[in-house]
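Novice: I'm passing along model01.cif; it holds mmCIF, C-alpha atoms.
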data_target
#
loop_
_atom_site.label_atom_id
_atom_site.label_comp_id
_atom_site.auth_asym_id
_atom_site.auth_seq_id
_atom_site.Cartn_x
_atom_site.Cartn_y
_atom_site.Cartn_z
CA MET A 21 98.29 28.66 70.15
CA GLN A 22 98.46 27.63 73.74
CA GLU A 23 96.22 29.62 76.07
CA VAL A 24 97.84 31.22 79.12
CA LYS A 25 96.67 29.84 82.37
CA TYR A 26 96.61 32.25 85.33
CA SER A 27 96.13 31.76 88.97
CA VAL A 28 93.33 33.93 90.39
CA SER A 29 95.86 36.30 91.89
CA GLU A 30 97.78 36.50 88.62
CA PHE A 31 94.58 37.13 86.70
CA ASN A 32 93.64 39.86 89.15
CA ALA A 33 97.11 41.44 88.78
CA VAL A 34 96.94 41.29 84.96
CA CYS A 35 93.51 42.93 85.02
CA ASN A 36 94.83 45.68 87.21
CA GLN A 37 97.86 46.17 84.93
CA THR A 38 95.55 46.39 81.93
CA LEU A 39 93.30 48.84 83.71
CA GLU A 40 96.24 50.94 84.77
CA HIS A 41 97.56 50.94 81.24
CA ALA A 42 94.20 51.91 79.80
CA PHE A 43 93.17 54.38 82.50
CA SER A 44 95.96 55.48 84.79
CA THR A 45 93.42 57.94 86.11
CA VAL A 46 89.86 58.50 85.02
CA VAL A 47 87.43 61.34 85.62
CA VAL A 48 83.83 60.23 86.12
CA GLU A 49 80.70 62.21 86.89
CA GLY A 50 77.72 60.70 88.65
CA GLU A 51 75.41 60.79 91.64
CA VAL A 52 76.45 59.63 95.09
CA ALA A 53 74.54 56.76 96.71
CA SER A 54 75.08 54.67 99.86
CA PHE A 55 77.69 57.08 101.20
CA LYS A 56 79.29 55.86 104.42
CA VAL A 57 82.45 56.36 106.46
CA ASN A 58 83.86 53.27 108.20
CA GLN A 59 86.07 53.47 111.31
CA GLY A 60 86.44 57.20 110.73
CA LYS A 61 89.04 56.42 108.03
CA PHE A 62 87.50 54.72 105.00
CA VAL A 63 84.87 56.20 102.74
CA PHE A 64 82.64 54.01 100.59
CA PHE A 65 79.90 55.03 98.20
CA ASP A 66 78.42 54.16 94.83
CA LEU A 67 78.59 56.47 91.87
CA LYS A 68 75.61 55.99 89.61
CA ASP A 69 73.65 57.36 86.69
CA GLU A 70 70.29 56.26 85.21
CA GLU A 71 71.62 52.90 84.08
CA CYS A 72 74.84 51.94 85.86
CA SER A 73 76.57 52.05 89.19
CA VAL A 74 80.20 51.68 90.28
CA GLY A 75 81.58 51.22 93.79
CA CYS A 76 84.00 53.85 95.07
CA PHE A 77 86.55 53.87 97.86
CA MET A 78 88.65 56.66 99.31
CA MET A 79 90.47 57.65 102.47
CA VAL A 80 88.61 60.12 104.62
CA TYR A 81 91.53 62.63 104.59
CA ALA A 82 91.11 62.98 100.82
CA LEU A 83 87.52 64.06 101.33
CA ARG A 84 87.61 67.84 100.88
CA PHE A 85 83.94 68.57 100.40
CA ALA A 86 80.86 67.71 102.39
CA ILE A 87 79.41 64.81 100.41
CA GLU A 88 76.10 63.10 100.94
CA ASP A 89 73.71 60.84 99.11
CA GLY A 90 72.01 62.33 96.07
CA MET A 91 74.82 64.80 95.42
CA LYS A 92 76.16 65.08 91.90
CA VAL A 93 79.94 64.82 91.92
CA VAL A 94 82.91 64.49 89.65
CA VAL A 95 85.71 62.19 90.74
CA LYS A 96 89.28 61.64 89.64
CA ALA A 97 90.09 58.01 90.33
CA THR A 98 92.06 54.93 89.45
CA PRO A 99 89.97 51.89 88.46
CA LYS A 100 90.85 48.74 90.33
CA LEU A 101 89.88 45.11 90.74
CA THR A 102 89.99 44.30 94.42
CA THR A 103 91.48 41.08 95.84
CA TRP A 104 88.00 39.72 96.28
CA GLY A 105 87.20 40.46 92.64
CA LYS A 106 85.06 43.53 93.02
CA PHE A 107 85.58 46.34 90.52
CA SER A 108 85.82 49.76 92.15
CA LEU A 109 87.20 53.23 91.75
CA THR A 110 89.85 54.41 94.20
CA ILE A 111 89.07 58.09 94.50
CA LEU A 112 91.95 60.58 94.37
CA GLU A 113 89.78 63.68 94.24
CA ILE A 114 86.11 64.38 94.49
CA MET A 115 84.21 67.60 93.83
CA PRO A 116 80.51 68.37 93.91
CA VAL A 117 79.07 69.62 90.60
CA GLY A 118 75.84 71.32 89.74
CA GLU A 119 74.22 74.13 91.62
CA GLY A 120 72.27 71.95 94.05
CA ALA A 121 75.23 69.83 95.14
CA LEU A 122 77.53 72.82 95.44
CA LYS A 123 75.01 74.74 97.48
CA LYS A 124 74.49 71.80 99.77
CA ASN A 125 78.25 71.35 100.20
CA PHE A 126 78.63 75.08 100.87
CA GLU A 127 76.01 75.05 103.61
CA LEU A 128 77.27 71.86 105.30
CA LEU A 129 80.94 72.93 105.27
CA LYS A 130 80.11 76.48 106.29
CA LYS A 131 78.29 75.19 109.36
CA LYS A 132 81.13 72.84 110.25
CA LEU A 133 83.97 75.34 109.79
CA ALA A 134 82.07 78.18 111.41
CA GLY A 135 81.61 75.89 114.40
CA GLU A 136 85.40 75.64 114.59
CA GLY A 137 85.71 79.43 114.58
CA LEU A 138 87.45 79.67 111.20
CA PHE A 139 85.24 82.54 110.10
CA ASP A 140 85.25 84.49 113.37
CA GLU A 141 85.56 88.25 112.93
CA GLN A 142 88.17 88.56 115.69
CA ARG A 143 90.55 86.42 113.60
CA LYS A 144 90.57 88.97 110.79
CA ARG A 145 93.58 91.21 110.40
CA PRO A 146 93.17 94.65 108.82
CA LEU A 147 95.06 95.61 105.68
CA PRO A 148 98.01 97.79 106.62
CA ASP A 149 98.71 101.06 104.79
CA GLY A 150 101.68 101.52 102.52
CA LEU A 151 102.08 97.95 101.29
CA THR A 152 105.17 97.38 99.14
CA LYS A 153 105.44 93.59 98.78
CA ILE A 154 102.40 91.76 97.46
CA GLY A 155 101.98 88.08 96.68
CA VAL A 156 99.37 87.02 94.12
CA ILE A 157 97.91 83.57 93.56
CA SER A 158 96.13 83.35 90.23
CA SER A 159 96.32 82.04 86.72
CA THR A 160 98.45 84.47 84.74
CA GLN A 161 96.29 83.78 81.69
CA ALA A 162 93.04 84.60 83.47
CA ALA A 163 91.19 87.82 82.69
CA GLY A 164 90.81 88.45 86.41
CA TYR A 165 94.58 88.50 86.88
CA VAL A 166 95.04 90.84 83.90
CA ASP A 167 92.43 93.22 85.38
CA PHE A 168 94.11 93.00 88.79
CA CYS A 169 97.54 93.95 87.38
CA LYS A 170 96.08 96.70 85.19
CA ILE A 171 94.39 98.41 88.14
CA LEU A 172 97.46 97.90 90.32
CA ASN A 173 99.66 99.64 87.73
CA GLU A 174 97.15 102.41 87.10
CA ARG A 175 96.68 103.25 90.73
CA TRP A 176 100.13 102.97 92.28
CA GLY A 177 103.81 102.32 91.62
CA GLY A 178 106.91 101.02 93.35
CA LEU A 179 105.28 97.75 94.35
CA SER A 180 107.09 94.44 94.27
CA VAL A 181 104.55 91.88 93.09
CA LEU A 182 105.30 88.17 93.18
CA THR A 183 102.84 85.97 91.32
CA ALA A 184 102.28 82.24 91.78
CA HIS A 185 100.77 80.90 88.59
CA VAL A 186 98.21 78.21 89.42
CA GLN A 187 95.15 76.59 87.98
CA VAL A 188 92.09 78.41 89.36
CA GLN A 189 89.35 75.94 88.47
CA GLY A 190 88.79 72.22 88.17
CA MET A 191 90.44 69.16 89.67
CA GLY A 192 93.81 69.86 91.28
CA ALA A 193 93.32 73.62 91.43
CA ALA A 194 92.71 73.73 95.18
CA ASP A 195 95.91 71.77 95.82
CA GLN A 196 97.89 74.15 93.63
CA ILE A 197 96.56 77.15 95.51
CA ILE A 198 97.40 75.46 98.82
CA LYS A 199 100.97 74.83 97.61
CA ALA A 200 101.30 78.43 96.45
CA LEU A 201 100.01 79.74 99.78
CA LYS A 202 102.50 77.52 101.64
CA TYR A 203 105.26 78.80 99.33
CA PHE A 204 104.47 82.43 100.20
CA ASN A 205 104.24 81.65 103.91
CA GLU A 206 107.45 79.67 104.03
CA ARG A 207 109.70 81.24 101.44
CA THR A 208 108.83 84.88 100.91
CA GLU A 209 108.49 88.15 102.79
CA VAL A 210 105.37 89.44 101.11
CA GLU A 211 103.09 91.46 103.38
CA VAL A 212 99.84 90.21 101.89
CA VAL A 213 98.70 87.43 99.57
CA ALA A 214 95.88 88.12 97.13
CA ILE A 215 93.95 85.14 95.80
CA VAL A 216 92.51 86.39 92.56
CA ARG A 217 90.14 84.87 90.05
CA GLY A 218 87.57 86.44 87.73
CA GLY A 219 83.95 85.46 87.40
CA GLY A 220 82.75 82.02 86.35
CA SER A 221 80.02 79.45 86.78
CA THR A 222 79.21 77.91 90.15
CA ASP A 223 81.16 74.82 89.06
CA ASP A 224 84.17 76.95 88.07
CA LEU A 225 84.27 78.59 91.48
CA ALA A 226 83.61 75.34 93.40
CA ILE A 227 87.30 74.90 94.36
CA PHE A 228 87.03 77.94 96.61
CA ASN A 229 84.78 75.84 98.85
CA ASP A 230 87.43 73.14 99.24
CA GLU A 231 87.82 72.35 102.94
CA ALA A 232 91.60 71.95 102.87
CA LEU A 233 92.02 75.24 101.02
CA VAL A 234 89.69 77.05 103.42
CA ARG A 235 91.73 75.72 106.37
CA GLU A 236 95.01 76.75 104.72
CA VAL A 237 93.71 80.29 104.17
CA ALA A 238 92.49 80.52 107.75
CA ALA A 239 95.89 79.31 109.02
CA SER A 240 97.99 81.60 106.82
CA ARG A 241 100.72 83.53 108.64
CA ILE A 242 100.52 86.17 105.94
CA LEU A 243 97.38 88.23 105.67
CA VAL A 244 95.10 86.96 102.87
CA ILE A 245 92.81 89.04 100.69
CA THR A 246 90.47 87.41 98.19
CA GLY A 247 89.11 88.85 94.96
CA ILE A 248 87.15 85.94 93.57
CA GLY A 249 84.35 86.04 91.01
CA HIS A 250 81.78 88.77 90.94
CA GLU A 251 80.19 90.79 93.72
CA VAL A 252 77.40 88.26 94.25
CA ASP A 253 79.75 85.28 94.63
CA GLU A 254 80.63 84.21 98.13
CA SER A 255 82.94 81.31 98.88
CA LEU A 256 84.17 79.67 102.06
CA VAL A 257 87.66 80.91 101.19
CA ASP A 258 86.23 84.44 101.28
CA LEU A 259 84.80 83.78 104.72
CA ALA A 260 88.16 82.50 105.99
CA ALA A 261 90.24 85.32 104.46
CA ASP A 262 91.25 88.39 106.43
CA VAL A 263 89.91 90.79 103.84
CA VAL A 264 87.37 90.18 101.09
CA ALA A 265 87.27 92.19 97.90
CA SER A 266 84.26 91.79 95.65
CA THR A 267 86.28 91.31 92.45
CA PRO A 268 89.95 91.14 91.33
CA THR A 269 89.72 94.82 90.36
CA ASN A 270 88.38 95.69 93.79
CA ALA A 271 91.24 93.72 95.40
CA ALA A 272 93.78 95.79 93.47
CA GLN A 273 91.98 98.96 94.60
CA MET A 274 92.04 97.88 98.23
CA LEU A 275 95.75 97.04 98.11
CA THR A 276 96.89 100.34 96.66
CA GLY A 277 96.56 104.03 97.21
CA ASP A 278 95.30 106.15 94.34
CA ARG A 279 98.19 108.07 92.86
CA LYS A 280 95.87 110.64 91.23
CA ALA A 281 94.14 111.27 94.55
CA GLU A 282 97.51 111.47 96.30
CA ILE A 283 98.80 114.05 93.80
CA ALA A 284 95.58 116.04 94.23
CA ARG A 285 96.01 115.82 98.01
CA GLY A 286 99.56 117.23 97.74
CA TRP A 287 98.33 120.19 95.73
CA ASP A 288 95.42 120.62 98.09
CA TYR A 289 97.94 121.05 100.93
CA VAL A 290 99.73 123.70 98.88
CA GLU A 291 96.44 125.46 98.14
CA ARG A 292 95.60 125.49 101.84
CA VAL A 293 99.02 126.94 102.63
CA LYS A 294 98.44 129.57 99.98
CA ASN A 295 95.15 130.57 101.59
CA VAL A 296 96.68 130.64 105.05
CA LEU A 297 99.53 132.76 103.77
CA LYS A 298 97.12 135.16 102.04
CA GLU A 299 95.02 135.42 105.16
CA ARG A 300 98.10 136.04 107.33
CA VAL A 301 99.39 138.74 104.97
CA GLU A 302 96.01 140.46 104.90
CA SER A 303 95.73 140.26 108.66
CA THR A 304 99.21 141.74 109.08
CA GLU A 305 98.32 144.50 106.62
CA ARG A 306 95.19 145.25 108.62
CA GLU A 307 97.24 145.32 111.83
CA ILE A 308 99.84 147.68 110.36
CA GLY A 309 97.07 149.84 108.89
CA GLY A 310 95.51 150.08 112.34
CA ILE A 311 98.80 151.12 113.97
CA ILE A 312 99.49 153.74 111.30
CA GLY A 313 95.94 155.06 111.63
CA LYS A 314 96.32 155.41 115.38
CA MET A 315 99.69 157.12 114.98
CA GLY A 316 98.14 159.57 112.49
CA VAL A 317 95.34 160.50 114.89
CA ASN A 318 97.84 161.07 117.72
CA ILE A 319 100.02 163.27 115.54
CA VAL A 320 97.05 165.42 114.43
CA VAL A 321 95.92 165.84 118.04
CA LYS A 322 99.42 166.81 119.14
CA ILE A 323 99.88 169.28 116.28
CA THR A 324 96.49 170.88 116.98
CA THR A 325 97.29 171.27 120.67
CA PHE A 326 100.67 172.74 119.86
CA GLU A 327 99.13 175.08 117.34
CA GLU A 328 96.60 176.30 119.88
CA LYS A 329 99.33 176.81 122.42
CA VAL A 330 101.42 178.79 119.96
CA LYS A 331 98.37 180.83 118.97
CA GLY A 332 97.72 181.70 122.64
CA GLN A 333 101.29 182.76 123.15
CA LEU A 334 101.22 184.80 119.95
CA ALA A 335 98.07 186.55 121.19
CA ILE A 336 99.80 187.40 124.47
CA LEU A 337 102.83 188.64 122.58
CA GLU A 338 100.56 190.62 120.32
CA GLU A 339 99.01 192.32 123.31
CA LEU A 340 102.47 193.26 124.54
CA ASN A 341 103.45 194.84 121.23
CA PRO A 342 104.18 198.65 121.87
CA GLU A 343 102.42 199.52 118.65
CA LYS A 344 99.21 198.10 120.11
CA VAL A 345 99.69 200.41 123.13
CA LEU A 346 100.22 203.41 120.80
CA GLU A 347 97.03 202.38 118.95
CA ARG A 348 95.17 202.67 122.20
CA GLY A 349 96.26 206.42 122.40
CA TYR A 350 99.27 206.12 124.65
CA ALA A 351 102.69 207.69 123.85
CA LEU A 352 106.21 206.38 124.33
CA ILE A 353 108.80 208.77 125.90
CA LYS A 354 112.51 208.12 125.49
CA GLY A 355 115.28 210.19 127.19
CA GLU A 356 116.19 211.58 130.67
CA VAL A 357 113.10 213.25 132.12
CA ASP A 358 114.80 216.17 133.82
CA ILE A 359 113.89 219.82 133.60
CA GLY A 360 115.48 221.36 130.55
CA ASN A 361 116.24 218.05 128.83
CA VAL A 362 114.82 217.24 125.43
CA VAL A 363 112.98 213.87 125.20
CA ASN A 364 111.63 211.97 122.23
CA ILE A 365 107.88 211.30 122.26
CA THR A 366 106.42 208.67 119.94
CA THR A 367 102.68 208.53 119.27
CA LEU A 368 100.79 206.32 116.83
CA ASP A 369 101.53 208.61 113.92
CA LYS A 370 104.11 211.15 115.17
CA GLU A 371 107.70 211.50 116.46
CA ILE A 372 107.98 214.53 118.73
CA LYS A 373 110.93 216.22 120.43
CA ALA A 374 109.88 218.11 123.58
CA GLU A 375 111.66 220.04 126.28
CA VAL A 376 110.91 219.08 129.91
CA LYS A 377 109.52 222.15 131.66
CA ASN A 378 108.47 220.71 134.95
CA VAL A 379 108.73 217.37 136.78
CA THR A 380 106.61 216.54 139.79
CA LYS A 381 106.11 213.27 141.56
CA ARG A 382 102.80 211.63 140.81
CA ALA A 383 100.62 210.55 143.69
CA ASN A 384 99.39 206.94 143.26
CA MET B 2 115.87 116.22 96.57
CA SER B 3 117.04 112.64 96.54
CA GLN B 4 115.06 110.23 94.35
CA LYS B 5 115.70 107.56 96.95
CA GLU B 6 113.56 109.27 99.54
CA PRO B 7 110.28 107.33 99.69
CA ILE B 8 107.13 109.11 98.58
CA SER B 9 105.48 108.45 101.92
CA LYS B 10 108.27 110.41 103.62
CA LYS B 11 107.88 113.27 101.19
CA ILE B 12 104.15 113.35 101.84
CA ASP B 13 104.82 113.42 105.61
CA LYS B 14 107.30 116.23 105.06
CA LEU B 15 104.73 118.20 103.09
CA LYS B 16 102.18 117.69 105.88
CA MET B 17 104.69 119.02 108.41
CA GLN B 18 105.40 122.05 106.24
CA VAL B 19 101.67 122.74 106.06
CA GLU B 20 101.33 122.42 109.84
CA TRP B 21 104.00 125.11 110.29
CA PHE B 22 101.68 127.61 108.60
CA TYR B 23 98.99 126.85 111.19
CA GLY B 24 101.35 126.72 114.16
CA GLU B 25 102.72 129.20 116.64
CA ASP B 26 106.13 129.22 114.95
CA PHE B 27 104.65 130.91 111.90
CA ASP B 28 106.75 133.89 110.84
CA LEU B 29 105.67 135.99 107.90
CA SER B 30 109.26 136.75 106.93
CA GLU B 31 109.96 133.01 106.47
CA ALA B 32 106.58 132.15 104.99
CA THR B 33 107.36 132.87 101.34
CA GLU B 34 110.37 130.56 101.35
CA LYS B 35 108.41 127.87 103.16
CA TYR B 36 105.58 128.21 100.64
CA LYS B 37 108.00 127.89 97.71
CA SER B 38 109.47 124.80 99.35
CA ALA B 39 105.99 123.25 99.74
CA VAL B 40 105.25 123.89 96.06
CA GLU B 41 108.54 122.22 95.06
CA LEU B 42 107.77 119.24 97.27
CA ALA B 43 104.28 118.88 95.78
CA LYS B 44 105.85 118.93 92.29
CA GLU B 45 108.34 116.26 93.31
CA ILE B 46 105.61 114.05 94.78
CA GLU B 47 103.59 114.37 91.57
CA ALA B 48 106.60 113.48 89.41
CA ASP B 49 107.61 110.57 91.64
CA LEU B 50 104.10 109.15 91.68
CA ASN B 51 103.76 109.44 87.92
CA ASN B 52 107.12 107.82 87.28
CA LEU B 53 106.92 104.91 89.71
CA LYS B 54 106.46 101.49 88.09
CA ASN B 55 105.54 98.19 89.69
CA GLU B 56 107.78 95.18 89.40
CA ILE B 57 105.76 92.03 88.70
CA LYS B 58 107.57 88.68 88.78
CA ILE B 59 106.18 85.22 88.16
CA ILE B 60 107.47 82.55 90.54
CA GLU B 61 109.26 79.80 88.61
CA GLU B 62 107.99 77.02 90.88
CA ASP B 63 105.56 74.59 89.20
CA PHE B 64 102.66 74.31 91.63
CA ALA B 65 100.96 71.63 89.49
CA ARG B 66 103.61 69.05 90.35
#
Go ahead and express the file in the form of structure tokens.
Specialist:
Amino acid sequence: MQEVKYSVSEFNAVCNQTLEHAFSTVVVEGEVASFKVNQGKFVFFDLKDEECSVGCFMMVYALRFAIEDGMKVVVKATPKLTTWGKFSLTILEIMPVGEGALKKNFELLKKKLAGEGLFDEQRKRPLPDGLTKIGVISSTQAAGYVDFCKILNERWGGLSVLTAHVQVQGMGAADQIIKALKYFNERTEVEVVAIVRGGGSTDDLAIFNDEALVREVAASRILVITGIGHEVDESLVDLAADVVASTPTNAAQMLTGDRKAEIARGWDYVERVKNVLKERVESTEREIGGIIGKMGVNIVVKITTFEEKVKGQLAILEELNPEKVLERGYALIKGEVDIGNVVNITTLDKEIKAEVKNVTKRAN
Amino acid sequence: MSQKEPISKKIDKLKMQVEWFYGEDFDLSEATEKYKSAVELAKEIEADLNNLKNEIKIIEEDFAR
């Protein structure tokens, strides 16, 4: 069999074809060494473990985390033989892994983005009341999303919820969330976007410290609320969001009113009205009672006065009664008092007829 | 009352009805009717709140592409 003879360029091209066929993309974990950025555009570093090392190349715009020597990272890359025969990995994505690297990245990026004002308090917009259209970015299979929807449905109704199903951890997740956030900003009328993900390891939550994602959240036209991880977890996305909920459940609580509390409030209003009404009725009763009481007193006074007046007049009349005069020993004479006439004389106990014998004028 | 009237409006209406009882326009002869109306409104709000469901839709777009 005749052996194929290649030119150097052909051999290089065949190697690259073989590599591409074998590993269109490859995910490799290792420690960063000799990290450097050339001309502000090109990033070079070595990825190594205890025994081996491989050169890596990437464009600076693809660098989404603060990387430095000694950091443990995971990269998604295409292996390549360069034109000068050096084997290297062309990095598509890079993420820090392990608590130390993630913490370091968090601190470095936090300082950088805070310096740009991305986390400033005055940028934050408050959650409006009475939300009706809510956008959600989450994995629909994630427990955090299920909890979020459960609480949303328990607490309130009549909401229109639009969910963007995305990957919420690992390589590519940050880009999916960015795309979903752009989708809501450009193509929907939701009033708020909730980025929701349940608890996980530091590595699981690492995507929420992705620089591009943090910038997208900070630049969002629509108000962003985050409910990521547990109460103790803090991400750069949280710092850039308008409102931060401690968990997905807490995010659902913050976005909705409590229907039970609202019902109780309605009945509380009615109860207050009832008390006011009762108080008003009692007060009116007291007022009427007072008026009637006063009227009663006036009537009694008037009757008593009248009675006394009548009694006085009766006493006078009594004194004028002829019988009373007769009782005092006087007599009543009826008839013409002329000599020879007969007159009737009435005393207390007798009726007398008497003839007039003499009449003389009395000297006063 | 119309089902289409939003709950928030009904709640505002109930608040206004309550304010009437505290205001200068209060008239004992109208109070019983107003109270009955407030009770009816509170019942409606309770029923509306209990019956309202959320509509949750998943966007068809594939964000992984």
Novice: For the structure shown, which residues end up in the PyMOL selection byres ((chain B) within 7 of (chain A))? Put them as JSON, numbers by chain, please?
Specialist: {"B": [19, 22, 36, 39, 40, 43, 46, 47, 50, 53, 54, 55, 56, 57, 58, 59, 60, 64, 65]}
Novice: To one decimal place in Å, what is the distance between CA of Asp358 (chain A) and CA of Val379 (chain A)?
Specialist: 6.9 Å
Novice: For Glu45 (chain B), find every residue with an atom within 9 Å (counting all atoms listed in the file), except residues of its own chain fewer than 3 positions away, and show them as a list in words.
Specialist: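 Here the qualifying residues turn out to be Met2, Ile8, Lys11, Val40, Glu41, Leu42, Ala48, Asp49 and Leu50 of chain B.
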Novice: Suppose we keep C-alpha atoms; can you now write the selection as a short mmCIF file (atom, residue, chain, number, x, y, z; two decimals), in the coordinates of the input?
Specialist:
data_model
loop_
_atom_site.label_atom_id
_atom_site.label_comp_id
_atom_site.auth_asym_id
_atom_site.auth_seq_id
_atom_site.Cartn_x
_atom_site.Cartn_y
_atom_site.Cartn_z
CA MET B 2 115.87 116.22 96.57
CA ILE B 8 107.13 109.11 98.58
CA LYS B 11 107.88 113.27 101.19
CA VAL B 40 105.25 123.89 96.06
CA GLU B 41 108.54 122.22 95.06
CA LEU B 42 107.77 119.24 97.27
CA ALA B 48 106.60 113.48 89.41
CA ASP B 49 107.61 110.57 91.64
CA LEU B 50 104.10 109.15 91.68
#
Novice: Could you check how far CA of Met115 (chain A) sits from CA of Glu254 (chain A), in Å to one decimal?
Specialist: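 CA of Met115 (chain A) sits 17.5 Å away from CA of Glu254 (chain A).
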Novice: Go ahead and compute the interatomic distance for CA of Ser158 (chain A) and CA of Phe204 (chain A), in Å to one decimal.
Specialist: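 If I compute the distance from CA of Ser158 (chain A) to CA of Phe204 (chain A), I get 13.0 Å.
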Novice: N, CA and C atoms are what I want for region 31-50 of chain B; can you complete it accordingly and write them as a PDB file, keeping the file's coordinate frame?
Specialist:
ATOM      1  N   GLU B  31     109.478 134.302 106.980  1.00  0.00           N
ATOM      2  CA  GLU B  31     109.960 133.010 106.470  1.00  0.00           C
ATOM      3  C   GLU B  31     108.916 132.333 105.579  1.00  0.00           C
ATOM      4  N   ALA B  32     107.708 132.846 105.608  1.00  0.00           N
ATOM      5  CA  ALA B  32     106.580 132.150 104.990  1.00  0.00           C
ATOM      6  C   ALA B  32     106.730 131.970 103.477  1.00  0.00           C
ATOM      7  N   THR B  33     107.244 132.974 102.802  1.00  0.00           N
ATOM      8  CA  THR B  33     107.360 132.870 101.340  1.00  0.00           C
ATOM      9  C   THR B  33     108.281 131.720 100.956  1.00  0.00           C
ATOM     10  N   GLU B  34     109.424 131.639 101.645  1.00  0.00           N
ATOM     11  CA  GLU B  34     110.370 130.560 101.350  1.00  0.00           C
ATOM     12  C   GLU B  34     109.750 129.198 101.654  1.00  0.00           C
ATOM     13  N   LYS B  35     109.044 129.146 102.764  1.00  0.00           N
ATOM     14  CA  LYS B  35     108.410 127.870 103.160  1.00  0.00           C
ATOM     15  C   LYS B  35     107.336 127.490 102.122  1.00  0.00           C
ATOM     16  N   TYR B  36     106.615 128.470 101.630  1.00  0.00           N
ATOM     17  CA  TYR B  36     105.580 128.210 100.640  1.00  0.00           C
ATOM     18  C   TYR B  36     106.213 127.685  99.344  1.00  0.00           C
ATOM     19  N   LYS B  37     107.311 128.337  98.933  1.00  0.00           N
ATOM     20  CA  LYS B  37     108.000 127.890  97.710  1.00  0.00           C
ATOM     21  C   LYS B  37     108.479 126.441  97.889  1.00  0.00           C
ATOM     22  N   SER B  38     108.979 126.147  99.067  1.00  0.00           N
ATOM     23  CA  SER B  38     109.470 124.800  99.350  1.00  0.00           C
ATOM     24  C   SER B  38     108.334 123.778  99.278  1.00  0.00           C
ATOM     25  N   ALA B  39     107.156 124.147  99.793  1.00  0.00           N
ATOM     26  CA  ALA B  39     105.990 123.250  99.740  1.00  0.00           C
ATOM     27  C   ALA B  39     105.569 122.994  98.297  1.00  0.00           C
ATOM     28  N   VAL B  40     105.618 124.043  97.484  1.00  0.00           N
ATOM     29  CA  VAL B  40     105.250 123.890  96.060  1.00  0.00           C
ATOM     30  C   VAL B  40     106.230 122.927  95.379  1.00  0.00           C
ATOM     31  N   GLU B  41     107.529 123.104  95.656  1.00  0.00           N
ATOM     32  CA  GLU B  41     108.540 122.220  95.060  1.00  0.00           C
ATOM     33  C   GLU B  41     108.313 120.773  95.476  1.00  0.00           C
ATOM     34  N   LEU B  42     107.994 120.590  96.741  1.00  0.00           N
ATOM     35  CA  LEU B  42     107.770 119.240  97.270  1.00  0.00           C
ATOM     36  C   LEU B  42     106.537 118.599  96.607  1.00  0.00           C
ATOM     37  N   ALA B  43     105.496 119.385  96.440  1.00  0.00           N
ATOM     38  CA  ALA B  43     104.280 118.880  95.780  1.00  0.00           C
ATOM     39  C   ALA B  43     104.590 118.473  94.334  1.00  0.00           C
ATOM     40  N   LYS B  44     105.446 119.258  93.675  1.00  0.00           N
ATOM     41  CA  LYS B  44     105.850 118.930  92.290  1.00  0.00           C
ATOM     42  C   LYS B  44     106.625 117.619  92.264  1.00  0.00           C
ATOM     43  N   GLU B  45     107.521 117.486  93.233  1.00  0.00           N
ATOM     44  CA  GLU B  45     108.340 116.260  93.310  1.00  0.00           C
ATOM     45  C   GLU B  45     107.460 115.037  93.545  1.00  0.00           C
ATOM     46  N   ILE B  46     106.508 115.179  94.471  1.00  0.00           N
ATOM     47  CA  ILE B  46     105.610 114.050  94.780  1.00  0.00           C
ATOM     48  C   ILE B  46     104.834 113.656  93.515  1.00  0.00           C
ATOM     49  N   GLU B  47     104.351 114.648  92.795  1.00  0.00           N
ATOM     50  CA  GLU B  47     103.590 114.370  91.570  1.00  0.00           C
ATOM     51  C   GLU B  47     104.465 113.624  90.557  1.00  0.00           C
ATOM     52  N   ALA B  48     105.695 114.123  90.377  1.00  0.00           N
ATOM     53  CA  ALA B  48     106.600 113.480  89.410  1.00  0.00           C
ATOM     54  C   ALA B  48     106.949 112.063  89.849  1.00  0.00           C
ATOM     55  N   ASP B  49     107.254 111.903  91.128  1.00  0.00           N
ATOM     56  CA  ASP B  49     107.610 110.570  91.640  1.00  0.00           C
ATOM     57  C   ASP B  49     106.456 109.594  91.436  1.00  0.00           C
ATOM     58  N   LEU B  50     105.257 110.040  91.792  1.00  0.00           N
ATOM     59  CA  LEU B  50     104.100 109.150  91.680  1.00  0.00           C
ATOM     60  C   LEU B  50     103.824 108.771  90.222  1.00  0.00           C
TER      61      LEU B  50
END
